[in-house]
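Source file: protein_13.cif (mmCIF, C-alpha atoms)
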```
data_structure
loop_
_atom_site.label_atom_id
_atom_site.label_comp_id
_atom_site.auth_asym_id
_atom_site.auth_seq_id
_atom_site.Cartn_x
_atom_site.Cartn_y
_atom_site.Cartn_z
CA MET S 1 0.00 0.00 0.00
CA THR S 2 1.49 3.32 -1.06
CA LYS S 3 1.84 6.33 1.20
CA LYS S 4 -0.69 8.19 -0.97
CA ILE S 5 -3.32 5.48 -0.53
CA ARG S 6 -2.73 5.28 3.25
CA LYS S 7 -3.13 9.03 3.47
CA ALA S 8 -6.37 8.91 1.48
CA LEU S 9 -7.76 6.17 3.71
CA LEU S 10 -6.81 8.10 6.83
CA TYR S 11 -8.52 11.27 5.62
CA GLY S 12 -11.52 9.27 4.48
CA GLY S 13 -11.80 7.62 7.88
CA LEU S 14 -11.52 10.94 9.67
CA ALA S 15 -14.21 12.41 7.41
CA ILE S 16 -16.55 9.52 8.22
CA ILE S 17 -15.94 9.97 11.96
CA LEU S 18 -16.59 13.69 11.65
CA LEU S 19 -19.83 13.16 9.72
CA LEU S 20 -20.95 10.56 12.27
CA ASP S 21 -20.24 12.96 15.14
CA ILE S 22 -22.22 15.69 13.38
CA ALA S 23 -25.15 13.33 12.77
CA LEU S 24 -25.09 12.11 16.36
CA PHE S 25 -24.97 15.43 18.12
CA PHE S 26 -26.33 17.95 15.61
CA PRO S 27 -28.53 20.47 17.47
CA THR S 28 -32.26 19.76 17.26
CA TRP S 29 -35.11 22.25 17.06
CA THR S 30 -38.71 22.61 15.98
CA PRO S 31 -39.54 24.96 13.08
CA LYS S 32 -40.33 28.50 14.13
CA ILE S 33 -43.87 29.86 14.21
CA HIS S 34 -43.73 33.58 13.48
CA GLY S 35 -45.83 35.97 15.51
CA GLU S 36 -45.51 38.33 18.45
CA ASN S 37 -47.07 35.94 20.95
CA SER S 38 -46.24 32.64 19.26
CA ILE S 39 -44.22 29.78 20.70
CA SER S 40 -42.20 27.04 18.98
CA LEU S 41 -40.03 25.35 21.54
CA LEU S 42 -38.19 22.04 21.92
CA GLU S 43 -36.54 21.59 25.29
CA GLN S 44 -35.60 19.14 28.04
CA VAL S 45 -37.19 19.84 31.43
CA GLU S 46 -36.67 18.07 34.76
CA ILE S 47 -40.11 16.84 35.80
CA ASN S 48 -40.87 14.30 38.52
CA GLY S 49 -37.22 13.39 38.91
CA THR S 50 -36.24 12.80 35.29
CA GLY S 51 -35.62 14.74 32.11
CA HIS S 52 -38.71 15.04 29.93
CA GLU S 53 -38.49 16.33 26.37
CA LEU S 54 -41.24 18.86 25.59
CA MET S 55 -42.30 20.28 22.25
CA ILE S 56 -44.60 23.28 22.61
CA ARG S 57 -46.09 24.99 19.55
CA GLY S 58 -48.81 27.55 18.89
CA HIS S 59 -49.56 30.90 17.28
CA ASP S 60 -50.74 32.51 20.51
CA LYS S 61 -49.55 31.46 23.97
CA ASN S 62 -52.85 32.68 25.42
CA ASN S 63 -54.85 30.09 23.49
CA PRO S 64 -56.23 27.00 25.27
CA ILE S 65 -53.62 24.33 25.88
CA ILE S 66 -53.74 20.72 24.69
CA ILE S 67 -51.41 18.14 26.19
CA PHE S 68 -51.04 15.13 23.90
CA VAL S 69 -50.03 11.75 25.34
CA HIS S 70 -48.30 9.52 22.79
CA GLY S 71 -48.79 5.80 22.41
CA GLY S 72 -46.57 2.86 21.69
CA PRO S 73 -45.57 2.29 24.42
CA GLY S 74 -42.45 4.31 23.77
CA VAL S 75 -43.42 5.64 20.34
CA SER S 76 -42.86 9.39 20.41
CA GLU S 77 -44.90 11.56 18.05
CA ILE S 78 -42.60 14.58 18.34
CA PRO S 79 -40.54 13.79 15.19
CA TYR S 80 -43.47 13.72 12.78
CA VAL S 81 -46.61 15.21 14.28
CA THR S 82 -46.13 18.84 13.17
CA LYS S 83 -47.34 18.02 9.63
CA TYR S 84 -50.73 17.08 11.09
CA GLN S 85 -51.35 19.95 13.51
CA LYS S 86 -50.86 23.16 11.54
CA SER S 87 -54.54 24.09 11.78
CA LEU S 88 -54.62 23.18 15.47
CA GLU S 89 -51.61 25.41 16.17
CA LYS S 90 -53.61 28.45 15.07
CA GLN S 91 -56.26 27.80 17.73
CA PHE S 92 -54.37 26.10 20.57
CA THR S 93 -51.02 25.89 22.30
CA ILE S 94 -50.02 22.27 21.75
CA VAL S 95 -47.76 20.33 24.07
CA HIS S 96 -46.18 16.99 23.18
CA TYR S 97 -43.80 15.23 25.52
CA ASP S 98 -41.69 12.10 25.26
CA GLN S 99 -42.72 9.92 28.18
CA ARG S 100 -40.22 8.71 30.77
CA GLY S 101 -37.82 6.28 29.10
CA SER S 102 -39.12 7.10 25.59
CA GLY S 103 -37.29 8.79 22.73
CA LYS S 104 -35.50 11.96 23.82
CA SER S 105 -36.60 11.27 27.40
CA PHE S 106 -34.55 8.06 27.46
CA HIS S 107 -31.27 8.43 29.37
CA PHE S 108 -28.73 5.62 29.15
CA ARG S 109 -27.47 6.06 32.70
CA GLU S 110 -30.95 6.04 34.21
CA ASP S 111 -32.44 2.98 35.92
CA TYR S 112 -35.77 1.98 34.35
CA SER S 113 -36.31 -1.17 36.39
CA ASN S 114 -39.22 0.59 38.14
CA LEU S 115 -40.91 1.70 34.92
CA SER S 116 -44.67 1.21 35.19
CA THR S 117 -47.93 2.62 33.93
CA ASP S 118 -48.58 4.02 37.43
CA LEU S 119 -45.32 5.97 37.25
CA LEU S 120 -46.20 7.31 33.80
CA VAL S 121 -49.55 8.53 35.16
CA LYS S 122 -47.72 10.40 37.93
CA ASP S 123 -45.39 11.88 35.33
CA LEU S 124 -48.33 13.10 33.26
CA LEU S 125 -49.91 14.77 36.28
CA ALA S 126 -46.57 16.48 37.01
CA VAL S 127 -46.22 17.57 33.35
CA THR S 128 -49.74 19.00 33.59
CA ASP S 129 -48.86 20.99 36.71
CA TYR S 130 -45.71 22.30 35.05
CA ILE S 131 -47.53 23.40 31.91
CA SER S 132 -50.48 24.92 33.78
CA ALA S 133 -48.13 26.98 35.95
CA ARG S 134 -45.91 28.00 33.05
CA PHE S 135 -48.83 29.36 31.01
CA ASN S 136 -50.94 30.44 33.96
CA GLN S 137 -53.94 28.35 32.91
CA LYS S 138 -55.94 26.55 35.58
CA LYS S 139 -57.05 23.74 33.26
CA VAL S 140 -55.74 22.17 30.06
CA ILE S 141 -57.29 19.81 27.52
CA LEU S 142 -55.96 16.26 27.79
CA ALA S 143 -55.75 14.30 24.53
CA ALA S 144 -54.30 10.79 24.41
CA HIS S 145 -53.67 8.36 21.57
CA SER S 146 -53.45 4.56 21.49
CA PHE S 147 -51.44 3.24 24.46
CA GLY S 148 -51.32 6.83 25.68
CA THR S 149 -55.04 6.52 26.45
CA TYR S 150 -54.19 3.94 29.12
CA ILE S 151 -52.11 6.62 30.83
CA GLY S 152 -54.27 9.63 30.00
CA ILE S 153 -57.61 8.32 31.15
CA GLN S 154 -56.14 7.36 34.53
CA ALA S 155 -54.75 10.88 34.97
CA ALA S 156 -58.19 12.28 34.09
CA GLN S 157 -59.79 10.01 36.68
CA GLN S 158 -57.31 10.89 39.42
CA ALA S 159 -57.27 14.67 38.89
CA PRO S 160 -60.31 15.87 36.90
CA GLU S 161 -59.83 19.38 38.30
CA LYS S 162 -56.69 19.75 36.17
CA TYR S 163 -58.42 19.13 32.84
CA GLU S 164 -61.05 20.83 30.72
CA ALA S 165 -61.87 17.50 29.08
CA TYR S 166 -60.45 14.10 28.22
CA ILE S 167 -60.17 13.04 24.56
CA GLY S 168 -59.24 9.44 23.76
CA MET S 169 -58.21 8.68 20.17
CA GLY S 170 -57.66 5.02 19.38
CA GLN S 171 -58.95 4.49 22.89
CA MET S 172 -57.89 1.35 24.74
CA SER S 173 -60.63 -0.64 26.43
CA ASN S 174 -61.04 -4.32 27.29
CA THR S 175 -57.70 -5.49 25.93
CA LEU S 176 -58.69 -9.11 25.40
CA GLU S 177 -61.87 -8.13 23.57
CA SER S 178 -59.98 -5.62 21.43
CA GLU S 179 -57.26 -8.11 20.49
CA GLN S 180 -59.86 -10.74 19.65
CA ASP S 181 -61.59 -8.23 17.36
CA GLY S 182 -58.25 -7.51 15.69
CA LEU S 183 -57.52 -11.19 15.21
CA ASN S 184 -60.95 -11.93 13.75
CA TYR S 185 -60.62 -8.99 11.38
CA THR S 186 -57.19 -9.95 10.08
CA ILE S 187 -58.26 -13.57 9.57
CA GLU S 188 -61.38 -12.48 7.67
CA GLN S 189 -59.36 -10.12 5.48
CA ALA S 190 -56.72 -12.77 4.81
CA LYS S 191 -59.42 -15.26 3.83
CA SER S 192 -61.07 -12.76 1.49
CA ARG S 193 -57.73 -12.26 -0.29
CA GLY S 194 -56.96 -15.94 -0.43
CA ASN S 195 -53.85 -15.66 1.77
CA THR S 196 -54.04 -19.14 3.26
CA VAL S 197 -50.55 -18.91 4.81
CA ASP S 198 -51.59 -15.82 6.78
CA VAL S 199 -54.86 -17.45 7.80
CA GLU S 200 -53.07 -20.51 9.15
CA TYR S 201 -50.50 -18.42 11.03
CA LEU S 202 -53.09 -16.13 12.61
CA GLN S 203 -55.38 -18.99 13.58
CA GLY S 204 -52.39 -20.56 15.30
CA LEU S 205 -52.18 -17.52 17.59
CA ALA S 206 -55.80 -17.65 18.69
CA GLU S 207 -55.26 -19.47 21.97
CA LYS S 208 -52.46 -17.17 23.14
CA ILE S 209 -54.43 -14.05 22.19
CA GLN S 210 -57.56 -15.29 23.96
CA SER S 211 -55.56 -15.98 27.12
CA GLY S 212 -53.85 -12.57 27.05
CA GLU S 213 -50.37 -13.98 26.49
CA THR S 214 -49.84 -11.92 23.34
CA VAL S 215 -51.49 -9.42 21.02
CA THR S 216 -52.53 -9.64 17.40
CA PRO S 217 -49.34 -9.03 15.36
CA ARG S 218 -49.33 -5.36 14.39
CA ASP S 219 -47.68 -5.98 11.04
CA TYR S 220 -50.67 -8.11 10.04
CA VAL S 221 -53.16 -5.53 11.31
CA ARG S 222 -51.34 -2.94 9.18
CA LYS S 223 -51.19 -5.27 6.17
CA TYR S 224 -54.96 -5.60 6.14
CA GLY S 225 -55.88 -1.94 6.71
CA GLY S 226 -56.62 -1.97 10.43
CA ALA S 227 -53.94 0.59 11.32
CA ALA S 228 -54.15 3.39 8.75
CA ARG S 229 -56.21 4.10 5.63
CA LEU S 230 -55.35 7.64 4.54
CA ILE S 231 -51.73 7.90 5.71
CA ASP S 232 -48.65 5.69 5.78
CA ASP S 233 -47.99 5.67 9.53
CA ILE S 234 -44.74 3.71 9.38
CA ALA S 235 -43.29 5.93 6.64
CA ASP S 236 -44.27 9.01 8.66
CA MET S 237 -42.49 7.73 11.74
CA GLU S 238 -39.34 6.69 9.89
CA LYS S 239 -39.13 9.90 7.87
CA GLY S 240 -39.67 11.96 11.01
CA ARG S 241 -36.94 10.22 12.97
CA TRP S 242 -34.43 10.44 10.10
CA LEU S 243 -35.19 13.70 8.31
CA GLU S 244 -37.05 16.11 10.60
CA PRO S 245 -35.14 18.58 12.80
CA GLU S 246 -36.59 17.47 16.15
CA TYR S 247 -34.44 14.29 16.25
CA ASN S 248 -30.76 13.67 15.49
CA LEU S 249 -28.97 10.31 15.18
CA TRP S 250 -28.39 10.10 18.94
CA ASP S 251 -32.12 10.58 19.51
CA ARG S 252 -32.88 7.79 17.04
CA ILE S 253 -30.56 5.47 18.92
CA ARG S 254 -32.30 6.41 22.16
CA TYR S 255 -35.69 5.88 20.51
CA TYR S 256 -34.97 2.33 19.38
CA ARG S 257 -33.39 1.46 22.71
CA SER S 258 -36.38 2.86 24.61
CA VAL S 259 -38.93 0.90 22.59
CA SER S 260 -37.21 -2.38 23.38
CA CYS S 261 -36.97 -1.34 27.04
CA ALA S 262 -40.56 -0.19 27.54
CA GLN S 263 -42.93 -2.18 25.40
CA ASP S 264 -43.01 -5.64 26.95
CA VAL S 265 -43.36 -4.51 30.55
CA LEU S 266 -45.95 -1.80 29.89
CA ILE S 267 -48.07 -3.82 27.46
CA GLY S 268 -48.00 -6.66 29.95
CA GLN S 269 -49.38 -4.40 32.67
CA ALA S 270 -52.21 -3.24 30.39
CA LEU S 271 -53.09 -6.84 29.52
CA GLU S 272 -53.20 -7.79 33.19
CA LYS S 273 -55.33 -4.79 34.20
CA PRO S 274 -57.77 -3.68 31.46
CA LEU S 275 -59.22 -0.18 31.85
CA PRO S 276 -62.89 -1.21 32.23
CA THR S 277 -61.97 -3.06 35.44
CA PHE S 278 -60.93 0.08 37.30
CA VAL S 279 -61.66 3.28 35.32
CA THR S 280 -65.44 3.42 35.11
CA LYS S 281 -66.30 6.99 36.12
CA LEU S 282 -64.88 10.34 35.04
CA GLU S 283 -65.87 13.67 36.55
CA LEU S 284 -65.18 15.74 33.43
CA PRO S 285 -66.35 15.76 29.80
CA VAL S 286 -65.24 12.61 27.94
CA TYR S 287 -64.82 12.18 24.19
CA PHE S 288 -63.79 8.99 22.40
CA ILE S 289 -62.75 9.60 18.78
CA MET S 290 -62.37 6.35 16.88
CA GLY S 291 -61.63 5.44 13.30
CA GLN S 292 -64.25 3.08 11.90
CA TYR S 293 -61.53 0.68 10.69
CA ASP S 294 -59.41 0.72 13.85
CA TYR S 295 -58.28 -2.79 14.74
CA MET S 296 -55.16 -1.78 16.65
CA THR S 297 -57.51 -0.69 19.43
CA SER S 298 -60.88 -2.00 18.37
CA ALA S 299 -63.56 0.63 17.79
CA LYS S 300 -66.20 -1.93 18.73
CA ALA S 301 -64.53 -2.69 22.07
CA ALA S 302 -64.05 1.03 22.71
CA LYS S 303 -67.78 1.62 22.16
CA THR S 304 -68.64 -1.12 24.66
CA TYR S 305 -66.33 0.53 27.20
CA PHE S 306 -67.78 3.97 26.42
CA ASP S 307 -71.32 2.75 27.00
CA GLN S 308 -70.29 1.48 30.44
CA MET S 309 -68.54 4.74 31.36
CA ASP S 310 -70.21 7.00 33.90
CA ALA S 311 -69.64 10.67 33.07
CA ASP S 312 -71.68 13.86 33.30
CA LYS S 313 -70.98 14.54 29.62
CA LYS S 314 -69.68 12.03 27.10
CA GLU S 315 -69.66 11.61 23.34
CA PHE S 316 -68.51 8.80 21.05
CA ILE S 317 -67.38 10.08 17.66
CA THR S 318 -66.63 7.82 14.69
CA TYR S 319 -64.49 8.93 11.73
CA SER S 320 -65.73 6.94 8.76
CA GLN S 321 -62.56 6.98 6.65
CA SER S 322 -59.98 6.35 9.37
CA ALA S 323 -58.41 3.49 11.25
CA HIS S 324 -56.10 3.96 14.26
CA TYR S 325 -55.10 7.59 13.57
CA PRO S 326 -58.32 9.62 13.12
CA GLN S 327 -56.60 12.83 14.29
CA PHE S 328 -54.03 12.42 11.48
CA GLU S 329 -56.00 10.63 8.77
CA GLU S 330 -58.79 13.22 8.89
CA LYS S 331 -56.77 16.06 10.38
CA GLU S 332 -58.90 18.95 9.10
CA LYS S 333 -62.06 17.34 10.42
CA PHE S 334 -60.36 16.83 13.78
CA ALA S 335 -59.04 20.42 13.91
CA SER S 336 -62.49 21.78 13.01
CA TRP S 337 -64.12 19.73 15.78
CA MET S 338 -61.52 20.80 18.32
CA GLY S 339 -61.99 24.44 17.36
CA SER S 340 -65.76 24.37 17.56
CA THR S 341 -65.69 22.47 20.86
CA PHE S 342 -62.87 24.15 22.77
CA ALA S 343 -61.32 27.19 21.06
CA LYS S 344 -61.96 30.67 22.44
#
```

Go ahead and render the structure in this file as structure tokens.
Amino acid sequence: MTKKIRKALLYGGLAIILLLDIALFFPTWTPKIHGENSISLLEQVEINGTGHELMIRGHDKNNPIIIFVHGGPGVSEIPYVTKYQKSLEKQFTIVHYDQRGSGKSFHFREDYSNLSTDLLVKDLLAVTDYISARFNQKKVILAAHSFGTYIGIQAAQQAPEKYEAYIGMGQMSNTLESEQDGLNYTIEQAKSRGNTVDVEYLQGLAEKIQSGETVTPRDYVRKYGGAARLIDDIADMEKGRWLEPEYNLWDRIRYYRSVSCAQDVLIGQALEKPLPTFVTKLELPVYFIMGQYDYMTSAKAAKTYFDQMDADKKEFITYSQSAHYPQFEEKEKFASWMGSTFAK
């Protein structure tokens, strides 16, 4: 090997290391919203003993506040959600946060052996107090999605005085019933398409799903249209984590590590303790917004749970073109409803 080649390899290696360092630690931000009283902020805040990543966006800081609770578990919406909330940002101040041990709120030196749904509920209540004090608003609107509804609805039950209303999108309910609905749907769809291999595989899972040992495989629910109809949810998530400014390469590494850390333990807790067994009454307005084709969290099971719920005011709203992401798949319809229901 000549001296010239060795020198080229050395410089090439150094360039790769430099580019990797830049990708890992490049500063992150959320795109600016222009306006005298606007806010567009991405920051880490110490809340309830750990660093929580907050993204706060809105055209007027005096507008009503919405705190969104992401699902997963561990699947942050910060990297991709801004494309779906532009209309909402004109009417509300919107707060997203990465939950403890999720995404940018995952810290490698932190001990997550005590991670539990109960702890995430306490975190949400503390986030609520922080936001309410920061913006001097006595109450905020609480909106939760998918697994986030397991956390959000408990916070609403424990501290209704903190919230203007509770909104559950892709609302969790009786987990066994929901998973059975998802399994039946995917089998029916596989049969209708003549996919006998899928039918045989899914039927082989029936006993474990009925006993609560596992859930209907999400890749099959997606394959047969039970996750999203009007958007590509997986492409959105991947593009957001790789191309949007809220996450850098280090955040992506933390994201993937956090998902593997959080999902099994938290899903297991939800399977063992379904919401209808202990959250049956809410002392604030309750709204379930479900996509008609949602088989990640069954719309049918959610309606059964809703009918059993005791609340002074409640409304079950079905979006006819959506599956598991009604707030994204029919975003203008959702923003219009939010504005007419809550905006000043």

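By chain and then residue number, the residues within 9 Å of Thr297 (chain S) are Ser146, Phe147, Gly170, Gln171, Met172, Ser173, Thr175, Ser178, Glu179, Asp181, Gly182, Ala227, Met290, Ala301, Ala302 and His324 of chain S, counting all atoms listed in the file and disregarding those fewer than 4 positions away in sequence.
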
What do you get, as a JSON list (two decimals) with C-alpha atoms, keeping the file's coordinate frame, if you spell out every residue that the PyMOL selection byres ((chain S and resi 251) around 12) selects here?
```
[["chain", "number", "residue", "atom", "x", "y", "z"],
["S", 23, "ALA", "CA", -25.15, 13.33, 12.77],
["S", 24, "LEU", "CA", -25.09, 12.11, 16.36],
["S", 25, "PHE", "CA", -24.97, 15.43, 18.12],
["S", 26, "PHE", "CA", -26.33, 17.95, 15.61],
["S", 27, "PRO", "CA", -28.53, 20.47, 17.47],
["S", 28, "THR", "CA", -32.26, 19.76, 17.26],
["S", 53, "GLU", "CA", -38.49, 16.33, 26.37],
["S", 76, "SER", "CA", -42.86, 9.39, 20.41],
["S", 78, "ILE", "CA", -42.60, 14.58, 18.34],
["S", 79, "PRO", "CA", -40.54, 13.79, 15.19],
["S", 98, "ASP", "CA", -41.69, 12.10, 25.26],
["S", 101, "GLY", "CA", -37.82, 6.28, 29.10],
["S", 102, "SER", "CA", -39.12, 7.10, 25.59],
["S", 103, "GLY", "CA", -37.29, 8.79, 22.73],
["S", 104, "LYS", "CA", -35.50, 11.96, 23.82],
["S", 105, "SER", "CA", -36.60, 11.27, 27.40],
["S", 106, "PHE", "CA", -34.55, 8.06, 27.46],
["S", 107, "HIS", "CA", -31.27, 8.43, 29.37],
["S", 108, "PHE", "CA", -28.73, 5.62, 29.15],
["S", 240, "GLY", "CA", -39.67, 11.96, 11.01],
["S", 241, "ARG", "CA", -36.94, 10.22, 12.97],
["S", 242, "TRP", "CA", -34.43, 10.44, 10.10],
["S", 244, "GLU", "CA", -37.05, 16.11, 10.60],
["S", 245, "PRO", "CA", -35.14, 18.58, 12.80],
["S", 246, "GLU", "CA", -36.59, 17.47, 16.15],
["S", 247, "TYR", "CA", -34.44, 14.29, 16.25],
["S", 248, "ASN", "CA", -30.76, 13.67, 15.49],
["S", 249, "LEU", "CA", -28.97, 10.31, 15.18],
["S", 250, "TRP", "CA", -28.39, 10.10, 18.94],
["S", 252, "ARG", "CA", -32.88, 7.79, 17.04],
["S", 253, "ILE", "CA", -30.56, 5.47, 18.92],
["S", 254, "ARG", "CA", -32.30, 6.41, 22.16],
["S", 255, "TYR", "CA", -35.69, 5.88, 20.51],
["S", 256, "TYR", "CA", -34.97, 2.33, 19.38],
["S", 257, "ARG", "CA", -33.39, 1.46, 22.71],
["S", 258, "SER", "CA", -36.38, 2.86, 24.61]]
```

Taking the file as I've supplied it (selection: the PyMOL selection byres ((chain S and resi 132-135) around 12)), which residues are included? Please answer as JSON, numbers by chain. {"S": [39, 56, 60, 61, 62, 63, 64, 65, 66, 67, 93, 94, 95, 125, 126, 127, 128, 129, 130, 131, 136, 137, 138, 139, 140, 141, 142, 161, 162, 163, 164]}

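Of the listed residues (S:Ala156, S:Val69, S:Met296, S:Ala343), S:Met296 comes nearest to Ala228 (chain S); the distances count all atoms listed in the file.
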
Between S:Gln263, S:Thr280, S:Gln157, S:Gln292, which is the closest to Glu330 (chain S) once you count only C-alpha atoms?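 Under the stated criterion, the closest residue is S:Gln292.
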